[in-house]
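Trainee: Below is the structure I would like to discuss, written out as structure tokens.
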Amino acid sequence: SKRSINNQELIEYRKQYLGKSLSLQYETPIKMVRGEGVYLVDQYGNKYIDTINNVAHVGHEHQAVVKAGQQQMALLNTNSRYLHENINQLAKELIETLPPELNVLHFVNSGSEANELAMRMVKAHTKQCDIIASEVGYHGNSNKCIDISSYKFDGKGGSGAPEHTHIFPLPDTFRGKYTGEDAAQKYAEEVQKLIEGIRRKGRNVGALILESIISCGGQIELPKGFLPKVYELIRNAGGICISDEVQVGCGRVGKHFWGFQLYNVVPDIVTIGKPLGNGHPLAAVACTQEVANSFANGMEYFNTFGGNPVSCAIGTAVLQTVKREQLQENALEVGNYLKRELEQLAKEFPIIGDVRGQGLFLGFELVDVNKKPLTQQAVYLADRMKAHKILMSTDGKDNNVLKIKPPIVFAKNHAKELIHYLTKIFKEDFMQV
Ligand code: PMP
């Protein structure tokens, strides 16, 4: 009989033979062997509630999605230079969810690729290459994406903003540069200053790229009025606006299908990733006819895997599942319930300084009485939750924000279990400050 490789051997092999700049989740890593709905199951049969994975959007290994992929994979998979219904169907499903202006799609294989393509579109459309982005923003792992990701170039191993990247302060109204009534205006003025700085260099802004809720920044909701104002400033300067919906898109925020709709704006480009394939590598760039026409300047855009029949069957199944199972509505209802419960918890335990987010894209921040970040406690909390079979992640500028972004089949009973164990752990000594 085959001897099962123990976890230590897996770890040792990885250390030697797999890329060395990837960390493992948890001090004692877990070996997962199965997924089902909001659950991940480890090698010992332990079942964990997964509040981290916003990729397994409609639930881990959802049957409708698995079947769609298996069936098409057994029939045909090839590139999108042949005619096929699947690519048209996925385009139709997506266009139906978007504002009418955004009706051209390019299919790619990852969020990084989507933002990379968006950057090329900016250059083709505006003839400019200066990009304005948020502090602690993350947009992907390619060269150009790292260049616009303050989360990376301002972090470990980074070397600061490149010449053509212009970063405004994280628009955080809890612990950011501006926290008053006029915060939206103040942060918008910071963007205006960046536009003027680019002009002083004899250039012009190409684009703004921003998430609707800044995930790596620590689930930062944009202050009311900020986004419409900033879109206006960028457009007045000749630039275009990109909404990175890689994390927040496809119904997760509850009230709307897309995050930017929370702020009543229409971007020129929307990048879509993680949830679209429910774990299968599938991503997309939606743009206006104008941007698409500028990009089609004669140089062909070919993508070997993007838009293949298998990926498109899977994407279509995901979007149809969101609709059929009313998962956007679920994200709203359960998200609202969970947010209220967390706000109650914050009253009981003042270490929770702020609760924020929309739908099933929530976060809460741990601070002391002077609003100083409690990073250690946040990491401790995530680790203790693991002991109770609940997976949670931490993030933010100071890594003191617990993020909650589960598959959107997350139900009220899961929220109750989450709150139950959070309450238990907040009563422990280590959490008292
Ligand atoms: N944009 C955002 C907002 C992301 O969070 C990520 C991934 N964490 C990306 C882009 C890049 O996506 P991918 O890892 O699929 O390349």
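Chains: A, B, ... in order of the structure tokens. Residues: from 1 per chain. Ligands: from 1, in order shown.
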Any chance you could tabulate, as a Markdown table, the residues of chain A at most 6 Å from ligand 1 with each one's nearest atom pair and distance in Å to one decimal, using only C-alpha atoms and all ligand atoms, in chain and rising number order?
Mentor:
| residue | atom | partner | partner_atom_place_in_ligand_line | distance |
| --- | --- | --- | --- | --- |
| A:Ser110 | CA | ligand 1 | 15 (O) | 3.9 |
| A:Gly111 | CA | ligand 1 | 12 (O) | 3.3 |
| A:Ser112 | CA | ligand 1 | 16 (O) | 3.5 |
| A:Tyr138 | CA | ligand 1 | 3 (C) | 5.4 |
| A:His139 | CA | ligand 1 | 1 (N) | 3.7 |
| A:Gly140 | CA | ligand 1 | 11 (C) | 3.7 |
| A:Asp244 | CA | ligand 1 | 3 (C) | 5.8 |
| A:Val246 | CA | ligand 1 | 2 (C) | 5.0 |
| A:Gln247 | CA | ligand 1 | 3 (C) | 5.3 |
| A:Gly273 | CA | ligand 1 | 15 (O) | 5.9 |
| A:Lys274 | CA | ligand 1 | 15 (O) | 5.8 |
Trainee: Within 12 Å of A:Leu76, counting only C-alpha atoms, which residues show up once you throw out same-chain ones fewer than 6 positions away? Write them as a list in words, please.
Mentor: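 My list of contacting residues is Gly69, Gln70, Tyr82, His84, Asn86, Asn308, Pro309, Val310, Ser311, Cys312 and Ala313 of chain A.
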Trainee: Go through stretch 250-344 of chain A residue by residue and, counting only C-alpha atoms, keep those with an atom at most 10 Å from stretch 359-369 of chain A; for each kept residue give the shortest atom pair and its distance in Å to one decimal, ordered by chain and increasing number, as a tab-separated table.
Mentor:
residue	atom	partner	partner_atom	distance
A:Gly251	CA	A:Gly359	CA	8.6
A:Arg252	CA	A:Leu360	CA	5.7
A:Val253	CA	A:Gly359	CA	4.2
A:Gly254	CA	A:Gly359	CA	4.6
A:Lys255	CA	A:Gly359	CA	7.2
A:His256	CA	A:Gly359	CA	9.2
A:Gln328	CA	A:Gly359	CA	8.3
A:Glu329	CA	A:Gly359	CA	8.9
A:Asn330	CA	A:Gly359	CA	8.4
A:Ala331	CA	A:Gly359	CA	4.9
A:Leu332	CA	A:Gly359	CA	4.6
A:Glu333	CA	A:Gly359	CA	7.4
A:Val334	CA	A:Gly359	CA	7.3
A:Gly335	CA	A:Gly359	CA	4.2
A:Asn336	CA	A:Gly359	CA	6.2
A:Tyr337	CA	A:Gly359	CA	9.2
A:Leu338	CA	A:Leu360	CA	8.5
A:Lys339	CA	A:Leu362	CA	7.3
A:Leu342	CA	A:Phe364	CA	8.0
A:Glu343	CA	A:Phe364	CA	9.1
Trainee: Set out as JSON lines a contact list for stretch 359-409 of chain A and stretch 44-58 of chain A with a cut-off of 12 Å, giving each residue of stretch 359-409 of chain A that qualifies its closest atom pair and distance in Å to one decimal, counting only C-alpha atoms, ordered by chain and rising residue number.
Mentor:
{"residue": "A:Leu360", "atom": "CA", "partner": "A:Asn54", "partner_atom": "CA", "distance": 9.1}
{"residue": "A:Phe361", "atom": "CA", "partner": "A:Asn54", "partner_atom": "CA", "distance": 8.7}
{"residue": "A:Leu362", "atom": "CA", "partner": "A:Thr51", "partner_atom": "CA", "distance": 10.0}
{"residue": "A:Gly363", "atom": "CA", "partner": "A:Thr51", "partner_atom": "CA", "distance": 10.9}
{"residue": "A:Ala382", "atom": "CA", "partner": "A:Thr51", "partner_atom": "CA", "distance": 10.8}
{"residue": "A:Met385", "atom": "CA", "partner": "A:Tyr48", "partner_atom": "CA", "distance": 9.9}
{"residue": "A:Lys386", "atom": "CA", "partner": "A:Tyr48", "partner_atom": "CA", "distance": 7.9}
{"residue": "A:Ala387", "atom": "CA", "partner": "A:Tyr48", "partner_atom": "CA", "distance": 9.6}
{"residue": "A:His388", "atom": "CA", "partner": "A:Tyr48", "partner_atom": "CA", "distance": 8.2}
{"residue": "A:Lys389", "atom": "CA", "partner": "A:Tyr48", "partner_atom": "CA", "distance": 4.5}
{"residue": "A:Ile390", "atom": "CA", "partner": "A:Ile49", "partner_atom": "CA", "distance": 4.7}
{"residue": "A:Leu391", "atom": "CA", "partner": "A:Asp50", "partner_atom": "CA", "distance": 5.0}
{"residue": "A:Met392", "atom": "CA", "partner": "A:Thr51", "partner_atom": "CA", "distance": 5.5}
{"residue": "A:Ser393", "atom": "CA", "partner": "A:Ile52", "partner_atom": "CA", "distance": 6.1}
{"residue": "A:Thr394", "atom": "CA", "partner": "A:Ile52", "partner_atom": "CA", "distance": 9.4}
{"residue": "A:Asp395", "atom": "CA", "partner": "A:Ile52", "partner_atom": "CA", "distance": 11.2}
{"residue": "A:Leu402", "atom": "CA", "partner": "A:Ile52", "partner_atom": "CA", "distance": 9.8}
{"residue": "A:Lys403", "atom": "CA", "partner": "A:Ile52", "partner_atom": "CA", "distance": 7.2}
{"residue": "A:Ile404", "atom": "CA", "partner": "A:Thr51", "partner_atom": "CA", "distance": 5.3}
{"residue": "A:Lys405", "atom": "CA", "partner": "A:Thr51", "partner_atom": "CA", "distance": 5.3}
{"residue": "A:Pro406", "atom": "CA", "partner": "A:Thr51", "partner_atom": "CA", "distance": 3.9}
{"residue": "A:Pro407", "atom": "CA", "partner": "A:His57", "partner_atom": "CA", "distance": 4.5}
{"residue": "A:Ile408", "atom": "CA", "partner": "A:His57", "partner_atom": "CA", "distance": 5.8}
{"residue": "A:Val409", "atom": "CA", "partner": "A:Val58", "partner_atom": "CA", "distance": 5.9}
Trainee: Set the distance at 9 Å and use only C-alpha atoms: which residues neighbour stretch 117-127 of chain A once local chain neighbours fewer than 4 positions away are removed? I'd like the list as a list of chain:residue names.
Mentor: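 The residues satisfying every condition are A:His106, A:Val108, A:Ser112, A:Glu113, A:Ile131, A:Lys144, A:Cys145, A:Asn204, A:Val205, A:Gly206, A:Ala207, A:Gly238, A:Gly239, A:Ile240, A:Ile242, A:Ile269, A:Val270, A:Thr271, A:Val285, A:Cys287, A:Glu290, A:Val291, A:Ala292, A:Asn293, A:Ser294, A:Phe295, A:Ala296, A:Asn297.
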Trainee: Please, could you write that set of residues out with C-alpha atoms as an mmCIF file, in the first residue's frame?
Mentor:
data_model
loop_
_atom_site.group_PDB
_atom_site.id
_atom_site.type_symbol
_atom_site.label_atom_id
_atom_site.label_comp_id
_atom_site.auth_asym_id
_atom_site.auth_seq_id
_atom_site.Cartn_x
_atom_site.Cartn_y
_atom_site.Cartn_z
ATOM 1 C CA HIS A 106 -11.705 40.491 -23.262
ATOM 2 C CA VAL A 108 -8.007 36.367 -19.681
ATOM 3 C CA SER A 112 -3.062 40.149 -12.815
ATOM 4 C CA GLU A 113 -3.573 39.524 -16.502
ATOM 5 C CA ILE A 131 -1.269 55.953 -13.154
ATOM 6 C CA LYS A 144 3.241 46.480 -14.471
ATOM 7 C CA CYS A 145 0.815 45.372 -11.762
ATOM 8 C CA ASN A 204 -0.866 63.896 -18.207
ATOM 9 C CA VAL A 205 -2.710 61.314 -16.127
ATOM 10 C CA GLY A 206 -3.529 58.066 -17.944
ATOM 11 C CA ALA A 207 -5.816 56.446 -15.414
ATOM 12 C CA GLY A 238 -8.086 63.475 -19.785
ATOM 13 C CA GLY A 239 -7.630 60.235 -17.872
ATOM 14 C CA ILE A 240 -9.842 57.167 -17.598
ATOM 15 C CA ILE A 242 -10.572 51.581 -13.802
ATOM 16 C CA ILE A 269 -12.718 49.718 -17.548
ATOM 17 C CA VAL A 270 -13.712 47.023 -15.065
ATOM 18 C CA THR A 271 -11.355 44.161 -14.227
ATOM 19 C CA VAL A 285 -11.714 42.980 -18.727
ATOM 20 C CA CYS A 287 -14.578 48.229 -21.234
ATOM 21 C CA GLU A 290 -14.347 53.697 -27.231
ATOM 22 C CA VAL A 291 -11.592 52.069 -25.183
ATOM 23 C CA ALA A 292 -11.924 48.783 -27.119
ATOM 24 C CA ASN A 293 -11.613 50.653 -30.429
ATOM 25 C CA SER A 294 -8.478 52.485 -29.292
ATOM 26 C CA PHE A 295 -6.941 49.211 -28.172
ATOM 27 C CA ALA A 296 -7.660 47.565 -31.546
ATOM 28 C CA ASN A 297 -4.945 49.640 -33.206
#
Trainee: Quick one: pick out all alpha helix (DSSP H) residues within stretch 285-385 of chain A from a backbone DSSP run and write them as a tab-separated table (two decimals) with C-alpha atoms, in the first residue's frame.
Mentor:
chain	number	residue	atom	x	y	z
A	289	GLN	CA	-16.63	50.61	-27.14
A	290	GLU	CA	-14.35	53.70	-27.23
A	291	VAL	CA	-11.59	52.07	-25.18
A	292	ALA	CA	-11.92	48.78	-27.12
A	293	ASN	CA	-11.61	50.65	-30.43
A	294	SER	CA	-8.48	52.49	-29.29
A	295	PHE	CA	-6.94	49.21	-28.17
A	309	PRO	CA	-14.86	26.80	-24.11
A	310	VAL	CA	-14.13	25.11	-20.77
A	311	SER	CA	-13.41	28.36	-18.92
A	312	CYS	CA	-16.48	29.98	-20.45
A	313	ALA	CA	-18.74	27.04	-19.53
A	314	ILE	CA	-17.50	27.39	-15.97
A	315	GLY	CA	-17.91	31.19	-15.87
A	316	THR	CA	-21.43	30.93	-17.23
A	317	ALA	CA	-22.32	28.29	-14.62
A	318	VAL	CA	-20.97	30.56	-11.86
A	319	LEU	CA	-23.00	33.58	-12.96
A	320	GLN	CA	-26.14	31.47	-13.46
A	321	THR	CA	-25.67	29.95	-10.01
A	322	VAL	CA	-25.40	33.40	-8.40
A	323	LYS	CA	-28.75	34.25	-10.03
A	324	ARG	CA	-30.54	30.92	-9.54
A	327	LEU	CA	-26.62	34.58	-3.76
A	328	GLN	CA	-26.30	38.35	-4.13
A	329	GLU	CA	-29.42	38.60	-1.95
A	330	ASN	CA	-27.87	36.11	0.48
A	331	ALA	CA	-24.67	38.19	0.66
A	332	LEU	CA	-26.77	41.23	1.52
A	333	GLU	CA	-28.94	39.53	4.11
A	334	VAL	CA	-26.30	37.47	5.87
A	335	GLY	CA	-23.72	40.24	5.48
A	336	ASN	CA	-26.01	42.78	7.12
A	337	TYR	CA	-26.79	40.36	9.93
A	338	LEU	CA	-23.13	39.59	10.53
A	339	LYS	CA	-22.12	43.25	10.42
A	340	ARG	CA	-24.76	44.11	13.04
A	341	GLU	CA	-23.55	41.26	15.25
A	342	LEU	CA	-19.95	42.44	14.90
A	343	GLU	CA	-21.01	45.96	15.81
A	344	GLN	CA	-22.65	44.55	18.95
A	345	LEU	CA	-19.45	42.69	19.72
A	346	ALA	CA	-17.47	45.92	19.30
A	347	LYS	CA	-19.63	47.52	22.02
A	348	GLU	CA	-18.81	44.67	24.38
A	375	THR	CA	-1.21	43.42	15.13
A	376	GLN	CA	-0.20	40.63	17.51
A	377	GLN	CA	-3.72	40.30	18.84
A	378	ALA	CA	-5.11	40.12	15.31
A	379	VAL	CA	-2.73	37.32	14.37
A	380	TYR	CA	-3.47	35.55	17.66
A	381	LEU	CA	-7.19	35.81	17.04
A	382	ALA	CA	-6.92	34.25	13.57
A	383	ASP	CA	-4.82	31.44	15.02
A	384	ARG	CA	-7.25	30.77	17.88
A	385	MET	CA	-10.13	30.72	15.41
Trainee: Quick one: distance from atom CA of A:Gly306 to atom CA of A:Ala283 in Å, one decimal?
Mentor: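 Going from atom CA of A:Gly306 over to atom CA of A:Ala283 covers 8.0 Å.
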Trainee: When distances are computed from only C-alpha atoms, which of A:Asn88, A:Glu27, A:Phe153, A:Arg81 shows the smallest separation from A:Asn141?
Mentor: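 Distance minimum relative to A:Asn141 lands on A:Phe153.
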Trainee: Would you list, as a VMD selection string, the residues of stretch 195-385 of chain A that end up in strand (DSSP E or B) under DSSP run on this structure's backbone?
Mentor: chain A and resid 205 to 211 213 to 214 220 to 221 240 to 244 269 to 272 278 280 283 to 287 352 to 358 361 to 367 373
Trainee: Can you tell me, as number ranges by chain, what residues are no more than 6 Å from stretch 99-104 of chain A when counting only C-alpha atoms, ignoring any on the same chain fewer than 4 positions away?
Mentor: A: 95, 286-288
Trainee: Generate the output file for the selected residues, C-alpha atoms, as a PDB file, in the first residue's frame.
Mentor:
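The resulting part_28.pdb:
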ATOM      1  CA  ILE A  95     -22.866  42.312 -20.077  1.00  0.00           C
ATOM      2  CA  ALA A 286     -14.902  44.877 -19.504  1.00  0.00           C
ATOM      3  CA  CYS A 287     -14.578  48.229 -21.234  1.00  0.00           C
ATOM      4  CA  THR A 288     -16.431  50.767 -23.340  1.00  0.00           C
TER       5      THR A 288
END
Trainee: Using only C-alpha atoms, which protein or nucleic acid residues come within 7 Å of A:Met32? Drop anything in the same chain fewer than 3 positions from it, and give the result as a list in words.
Mentor: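 The residues that qualify are Leu40, Val41, Asp42 and Gln43 of chain A.
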Trainee: Just to confirm, what's the straight-line distance from atom CA of A:Glu116 to atom CA of A:Val230 in Å (one decimal)?
Mentor: 22.2 Å
Trainee: Under the rule that only C-alpha atoms are counted, which of A:Ala411, A:Gly217, A:Leu98, A:Asn370 is the nearest residue to A:Pro267?
Mentor: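 Answer, going by the shortest atom-to-atom distance: A:Leu98.
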Trainee: Give me, as a tab-separated table, each residue of stretch 212-318 of chain A that comes within 7 Å of stretch 164-180 of chain A, together with its shortest interatomic pair and the distance in Å at one decimal, counting only C-alpha atoms, with rows ordered by chain and rising residue number.
Mentor:
residue	atom	partner	partner_atom	distance
A:Ile220	CA	A:Asp172	CA	6.1
A:Leu222	CA	A:Pro171	CA	6.2
A:Pro223	CA	A:Pro171	CA	7.0
Trainee: Can I get the selected residues back with N, CA and C atoms, as a short mmCIF file (atom, residue, chain, number, x, y, z; two decimals), in the first residue's frame?
Mentor:
data_model
loop_
_atom_site.label_atom_id
_atom_site.label_comp_id
_atom_site.auth_asym_id
_atom_site.auth_seq_id
_atom_site.Cartn_x
_atom_site.Cartn_y
_atom_site.Cartn_z
N ILE A 220 -11.23 48.70 3.32
CA ILE A 220 -11.51 50.13 3.46
C ILE A 220 -12.63 50.56 2.51
N LEU A 222 -14.74 53.35 0.69
CA LEU A 222 -14.39 54.71 0.27
C LEU A 222 -15.36 55.70 0.91
N PRO A 223 -14.84 56.85 1.40
CA PRO A 223 -15.75 57.82 2.02
C PRO A 223 -16.78 58.32 1.02
#
Trainee: For A:Asp154, find every residue with an atom within 12 Å (counting only C-alpha atoms), except residues of its own chain fewer than 2 positions away, and show them as a list in words.
Mentor: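 Non-adjacent residues within range: Ser134, Glu135, Val136, Gly137, Tyr138, Ile146, Asp147, Ile148, Ser149, Ser150, Tyr151, Lys152, Lys156, Gly157, Gly158, Ser159, Gly160, Ala161, Pro162, Thr165, Ile167 and Lys397 of chain A.
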Trainee: Quote the spacing between atom CA of A:Phe305 and atom CA of A:Ala284 in Å to one decimal place.
Mentor: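 It comes out at 12.0 Å.
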